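Trainee: This is the structure, below, for whatever I ask next.
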Amino acid sequence: MFGNNVLKGVFLVGLGATSYGMLATFVKLAYADVSSQGLHYTPAEVITAQFVIGILVVLGINMVQKSRKGNTLVKASAVDIKKLLILGTSTGLTSIFYYLAVKYIPVSIGIVLLMQTVWMGVVLEMVLDKKRPSNIKIVSVFVVLFGTALATKLFSGEFELDWRGIVLGLLAAASFTTTMYAANKVATSVSSAQRSLYMLLGGAVVVLFFALFTQHTPFNFDIFYKWGILIALFGTVIPPMLLNAGFPLTGIGLGSIVSALELPVSVMMAYVLLNETVVFSQWIGIILIILAIVMMNVSLKKK
């Protein structure tokens with residue numbers, strides 16, 4: 001039976017994954033909304049609002065932690081800060097690619113493409129560690145690919161996705177894979193609040209350049225209070241804090257399985273709030289992807 005700490009960890013990771021799962025739907029709703037200037041919100045405005053508000057909130061959390069008496073937080077060294085800032089650029093790229101992707105394709109498809117981090121992580125690990133993946137990982141990769149084909153309706157006559165959304169979705173997955181792999185190796189002794197802050201600052205540099213080069217209309221500042229707060233909380237503040245608190249209690253294996261909740265939650269949100277059509281074969285594909293995640297992590301736990 002699970003202990004109280006493990007159950008607590010499952011709850012925290014599950015809640016964090018659920019928060020992430022809601023994010024793309026909120027982004028899509030923001031795109032559909034109209035600003036006080038009568039213009040639709042752009043990806044540059046949405047992402048900028050998320051990062052600015054996210055940085056301010058996480059900065060506040062860091063200040064509160066530092067002000068506590070008897071606090072023994074390990075301060076990030078100059079080397080740690082540099083590494084986290086560089087790592088943060090992949091975080092910024094993930095948001096840019098993913099938010100652009102859901103502009104061209106349904107959210108239910110976008111999240112499936114983002115979950116390609118499962119097999120991309122295996123490939124990256126194989127290249128960097130120069131070691132052949134285990135048989136269960138190889139099988140899991142094929143299960144993910146087959147599940148993805150079903151979830152994107154590749155085998156049906158309804159496959160009419162915008163190629164730009166597919167490419168951007170895969171780029172988001174590649175960028176997110178880099179973030180996840182490096183995040184487990186960079187400045188792990190530093191508090192999650194400090195790590196989040198420096199990674200957000202690194203991502204903000206990329207987002208700033210993206211906004212400067214793509215925003216061709218006057219910036220709609222009401223994005224900050226209309227959608228920015230909501231998107232920042234569910235994309236930048238709540239999930240990282242809950243996942244960082246929950247994973248040490250669950251372990252990587254169980255935590256990864258629970259975090260797969262992001263996939264069905266994202267699809268359900270798109271189905272309920274965006275009225276996106278999700279056919280039976282797509283649900284089968286989603287289940288197969290989750291099954292592959294379970295296979296890989298149960299195998300890891302046994303080793």
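By order of appearance in the structure tokens: chains A, B, ..., then residues from 1 within every chain, and ligands from 1 in the order shown.
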Identify, on the basis of only C-alpha atoms, every residue whose closest approach to Gln282 of chain A does not exceed 7 Å; exclude the query and any residue fewer than 4 positions from it along the same chain; express the result as a VMD selection string.
Mentor: chain A and resid 150 to 153 278 286
Trainee: Using only C-alpha atoms, what does the table of segment 141-234 of chain A residues within 12 Å of segment 104-115 of chain A look like, with each row giving the shortest atom pair and its distance in Å to one decimal, sorted by chain and ascending number, as a tab-separated table?
Mentor:
```
residue	atom	partner	partner_atom	distance
A:Val141	CA	A:Met115	CA	11.4
A:Val144	CA	A:Met115	CA	8.7
A:Leu145	CA	A:Leu113	CA	10.2
A:Phe146	CA	A:Val112	CA	11.7
A:Gly147	CA	A:Val112	CA	9.1
A:Thr148	CA	A:Val112	CA	6.6
A:Ala149	CA	A:Val112	CA	9.7
A:Leu150	CA	A:Val112	CA	10.2
A:Ala151	CA	A:Val112	CA	7.0
A:Thr152	CA	A:Ile109	CA	6.0
A:Lys153	CA	A:Ile109	CA	9.3
A:Leu154	CA	A:Ile109	CA	11.2
A:Phe159	CA	A:Ile109	CA	11.1
A:Glu160	CA	A:Ile105	CA	9.6
A:Leu161	CA	A:Ile105	CA	6.4
A:Asp162	CA	A:Tyr104	CA	6.1
A:Trp163	CA	A:Tyr104	CA	8.5
A:Arg164	CA	A:Tyr104	CA	6.8
A:Gly165	CA	A:Tyr104	CA	4.9
A:Ile166	CA	A:Leu113	CA	7.4
A:Val167	CA	A:Leu113	CA	9.2
A:Leu168	CA	A:Gly110	CA	9.1
A:Gly169	CA	A:Leu113	CA	5.4
A:Leu170	CA	A:Leu113	CA	5.8
A:Leu171	CA	A:Leu114	CA	8.5
A:Ala172	CA	A:Leu114	CA	6.3
A:Ala173	CA	A:Leu114	CA	4.5
A:Ala174	CA	A:Leu114	CA	8.3
A:Ser175	CA	A:Leu114	CA	9.6
A:Phe176	CA	A:Leu114	CA	7.9
A:Thr177	CA	A:Leu114	CA	9.3
```
Trainee: Choose the residue, out of A:Leu93, A:Ala182, A:Val143, A:Leu273, that has the smallest atom-to-atom separation from Leu200 of chain A; count only C-alpha atoms.
Mentor: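 That would be A:Leu93, the residue with the smallest distance to Leu200 of chain A.
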Trainee: Please indicate the distance in Å from atom CA of Ile231 of chain A to atom CA of Ala17 of chain A, rounded to one decimal place.
Mentor: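 Between these atoms lies a distance of 14.4 Å.
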Trainee: For the contact check between segment 205-284 of chain A and segment 9-12 of chain A, emit one row per residue of segment 205-284 of chain A within 8 Å, containing the shortest atom pair and the distance in Å rounded to one decimal, counting only C-alpha atoms, chain then rising number order, as a Markdown table.
Mentor:
```
| residue | atom | partner | partner_atom | distance |
| --- | --- | --- | --- | --- |
| A:Leu242 | CA | A:Leu12 | CA | 5.3 |
| A:Leu243 | CA | A:Leu12 | CA | 6.5 |
| A:Ala245 | CA | A:Leu12 | CA | 7.0 |
| A:Gly246 | CA | A:Gly9 | CA | 4.1 |
| A:Phe247 | CA | A:Gly9 | CA | 6.4 |
| A:Pro248 | CA | A:Gly9 | CA | 7.5 |
| A:Leu249 | CA | A:Gly9 | CA | 4.9 |
| A:Thr250 | CA | A:Gly9 | CA | 5.2 |
| A:Leu254 | CA | A:Val10 | CA | 7.9 |
| A:Gly255 | CA | A:Val10 | CA | 6.9 |
| A:Val258 | CA | A:Val10 | CA | 6.7 |
```
Trainee: Each residue of segment 131-210 of chain A with at least one atom at most 12 Å from segment 39-59 of chain A should appear once, together with its nearest atom pair and the corresponding distance in Å (one decimal); atoms considered: only C-alpha atoms; ordering: chain, then increasing residue number; output as CSV.
Mentor:
```
residue,atom,partner,partner_atom,distance
A:Ser191,CA,A:Val58,CA,11.8
A:Ser192,CA,A:Val58,CA,9.9
A:Ala193,CA,A:Val58,CA,6.5
A:Gln194,CA,A:Val58,CA,8.2
A:Arg195,CA,A:Val58,CA,9.8
A:Ser196,CA,A:Val58,CA,7.2
A:Leu197,CA,A:Val58,CA,5.9
A:Tyr198,CA,A:Ile55,CA,8.9
A:Met199,CA,A:Ile55,CA,9.5
A:Leu200,CA,A:Ile55,CA,6.3
A:Leu201,CA,A:Ile55,CA,7.1
A:Gly202,CA,A:Phe51,CA,10.3
A:Gly203,CA,A:Phe51,CA,7.9
A:Ala204,CA,A:Phe51,CA,6.3
A:Val205,CA,A:Phe51,CA,10.0
A:Val206,CA,A:Thr48,CA,10.2
A:Val207,CA,A:Thr48,CA,6.5
A:Leu208,CA,A:Thr48,CA,7.2
A:Phe209,CA,A:Ala44,CA,9.7
A:Phe210,CA,A:Ala44,CA,6.8
```
Trainee: At a cut-off of 12 Å, using only C-alpha atoms, what residues contact Val123 of chain A? Leave out same-chain residues fewer than 3 positions from it and give the result as number ranges by chain.
Mentor: A: 116-120, 126-134, 137-138, 141, 174, 177-178, 181
Trainee: Neighbours of Tyr20 of chain A within 12 Å (only C-alpha atoms; same-chain residues fewer than 5 positions away dropped), as an MDAnalysis selection string?
Mentor: chainID A and resid 13:15 25:27 95 111 114 230:243 259:267 269
Trainee: Please save N, CA and C atoms of the selected residues as an mmCIF file, in the first residue's frame.
Mentor:
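Written output follows (again-v5.cif):
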```
data_model
loop_
_atom_site.group_PDB
_atom_site.id
_atom_site.type_symbol
_atom_site.label_atom_id
_atom_site.label_comp_id
_atom_site.auth_asym_id
_atom_site.auth_seq_id
_atom_site.Cartn_x
_atom_site.Cartn_y
_atom_site.Cartn_z
ATOM 1 N N VAL A 13 1.217 15.842 -7.966
ATOM 2 C CA VAL A 13 1.596 15.655 -9.375
ATOM 3 C C VAL A 13 0.356 15.634 -10.269
ATOM 4 N N GLY A 14 -0.689 14.944 -9.807
ATOM 5 C CA GLY A 14 -1.924 14.875 -10.579
ATOM 6 C C GLY A 14 -2.547 16.237 -10.769
ATOM 7 N N LEU A 15 -2.534 17.052 -9.714
ATOM 8 C CA LEU A 15 -3.091 18.401 -9.797
ATOM 9 C C LEU A 15 -2.244 19.281 -10.725
ATOM 10 N N THR A 25 -6.308 25.051 -23.821
ATOM 11 C CA THR A 25 -7.686 25.497 -24.042
ATOM 12 C C THR A 25 -7.834 26.976 -23.697
ATOM 13 N N PHE A 26 -7.208 27.407 -22.597
ATOM 14 C CA PHE A 26 -7.251 28.819 -22.225
ATOM 15 C C PHE A 26 -6.569 29.685 -23.291
ATOM 16 N N VAL A 27 -5.474 29.178 -23.845
ATOM 17 C CA VAL A 27 -4.761 29.906 -24.898
ATOM 18 C C VAL A 27 -5.655 30.054 -26.127
ATOM 19 N N SER A 95 6.948 27.166 -25.268
ATOM 20 C CA SER A 95 5.715 27.964 -25.237
ATOM 21 C C SER A 95 5.422 28.563 -26.602
ATOM 22 N N ILE A 111 -1.838 18.546 -28.098
ATOM 23 C CA ILE A 111 -1.324 17.885 -26.898
ATOM 24 C C ILE A 111 -0.750 16.516 -27.242
ATOM 25 N N LEU A 114 2.660 17.142 -28.553
ATOM 26 C CA LEU A 114 3.559 17.510 -27.459
ATOM 27 C C LEU A 114 4.016 16.272 -26.685
ATOM 28 N N LEU A 230 -4.596 34.192 -15.796
ATOM 29 C CA LEU A 230 -5.066 32.805 -15.837
ATOM 30 C C LEU A 230 -4.034 31.895 -16.510
ATOM 31 N N ILE A 231 -3.519 32.321 -17.656
ATOM 32 C CA ILE A 231 -2.552 31.515 -18.397
ATOM 33 C C ILE A 231 -1.237 31.396 -17.634
ATOM 34 N N ALA A 232 -0.815 32.472 -16.972
ATOM 35 C CA ALA A 232 0.428 32.425 -16.188
ATOM 36 C C ALA A 232 0.295 31.460 -15.014
ATOM 37 N N LEU A 233 -0.854 31.497 -14.338
ATOM 38 C CA LEU A 233 -1.051 30.612 -13.185
ATOM 39 C C LEU A 233 -1.046 29.149 -13.601
ATOM 40 N N PHE A 234 -1.767 28.829 -14.684
ATOM 41 C CA PHE A 234 -1.883 27.436 -15.104
ATOM 42 C C PHE A 234 -0.714 26.957 -15.968
ATOM 43 N N GLY A 235 0.116 27.886 -16.439
ATOM 44 C CA GLY A 235 1.222 27.476 -17.288
ATOM 45 C C GLY A 235 2.599 27.705 -16.703
ATOM 46 N N THR A 236 2.727 28.666 -15.773
ATOM 47 C CA THR A 236 4.043 29.063 -15.295
ATOM 48 C C THR A 236 4.219 28.925 -13.784
ATOM 49 N N VAL A 237 3.148 29.099 -13.047
ATOM 50 C CA VAL A 237 3.269 29.158 -11.589
ATOM 51 C C VAL A 237 2.842 27.853 -10.904
ATOM 52 N N ILE A 238 1.575 27.481 -11.054
ATOM 53 C CA ILE A 238 1.024 26.342 -10.311
ATOM 54 C C ILE A 238 1.653 24.997 -10.689
ATOM 55 N N PRO A 239 1.690 24.608 -11.983
ATOM 56 C CA PRO A 239 2.213 23.281 -12.330
ATOM 57 C C PRO A 239 3.649 23.027 -11.878
ATOM 58 N N PRO A 240 4.615 23.935 -12.167
ATOM 59 C CA PRO A 240 5.985 23.653 -11.732
ATOM 60 C C PRO A 240 6.108 23.484 -10.222
ATOM 61 N N MET A 241 5.390 24.315 -9.455
ATOM 62 C CA MET A 241 5.461 24.215 -7.998
ATOM 63 C C MET A 241 4.898 22.883 -7.510
ATOM 64 N N LEU A 242 3.759 22.472 -8.060
ATOM 65 C CA LEU A 242 3.137 21.218 -7.635
ATOM 66 C C LEU A 242 3.968 20.012 -8.072
ATOM 67 N N LEU A 243 4.475 20.038 -9.295
ATOM 68 C CA LEU A 243 5.278 18.917 -9.794
ATOM 69 C C LEU A 243 6.601 18.808 -9.046
ATOM 70 N N SER A 259 1.571 12.030 -14.143
ATOM 71 C CA SER A 259 1.608 13.263 -14.934
ATOM 72 C C SER A 259 1.007 13.073 -16.326
ATOM 73 N N ALA A 260 0.822 11.813 -16.733
ATOM 74 C CA ALA A 260 0.183 11.545 -18.030
ATOM 75 C C ALA A 260 -1.276 11.984 -18.035
ATOM 76 N N LEU A 261 -1.811 12.349 -16.871
ATOM 77 C CA LEU A 261 -3.173 12.889 -16.776
ATOM 78 C C LEU A 261 -3.335 14.136 -17.649
ATOM 79 N N GLU A 262 -2.222 14.809 -17.905
ATOM 80 C CA GLU A 262 -2.267 16.024 -18.728
ATOM 81 C C GLU A 262 -2.930 15.759 -20.076
ATOM 82 N N LEU A 263 -2.685 14.594 -20.647
ATOM 83 C CA LEU A 263 -3.200 14.272 -21.977
ATOM 84 C C LEU A 263 -4.727 14.171 -22.019
ATOM 85 N N PRO A 264 -5.362 13.282 -21.213
ATOM 86 C CA PRO A 264 -6.833 13.215 -21.269
ATOM 87 C C PRO A 264 -7.519 14.481 -20.787
ATOM 88 N N VAL A 265 -6.914 15.177 -19.808
ATOM 89 C CA VAL A 265 -7.510 16.418 -19.309
ATOM 90 C C VAL A 265 -7.534 17.472 -20.415
ATOM 91 N N SER A 266 -6.436 17.590 -21.151
ATOM 92 C CA SER A 266 -6.364 18.566 -22.237
ATOM 93 C C SER A 266 -7.408 18.273 -23.309
ATOM 94 N N VAL A 267 -7.564 16.989 -23.659
ATOM 95 C CA VAL A 267 -8.537 16.598 -24.684
ATOM 96 C C VAL A 267 -9.967 16.853 -24.199
ATOM 97 N N MET A 269 -10.954 19.058 -21.918
ATOM 98 C CA MET A 269 -11.174 20.501 -21.869
ATOM 99 C C MET A 269 -11.507 21.044 -23.258
#
```
Trainee: Determine, counting only C-alpha atoms, which protein, DNA and RNA residues have an atom within 8 Å of an atom of Lys103 of chain A; residues of the same chain fewer than 4 positions away are not included. Present the result as a ChimeraX atom specification.
Mentor: /A:28,31,99,165
Trainee: For Thr188 of chain A, which residue out of A:Leu84, A:Ala30, A:Leu291, A:Ile96 is the nearest one, using only C-alpha atoms?
Mentor: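 Selected residue with least distance to Thr188 of chain A: A:Leu84.
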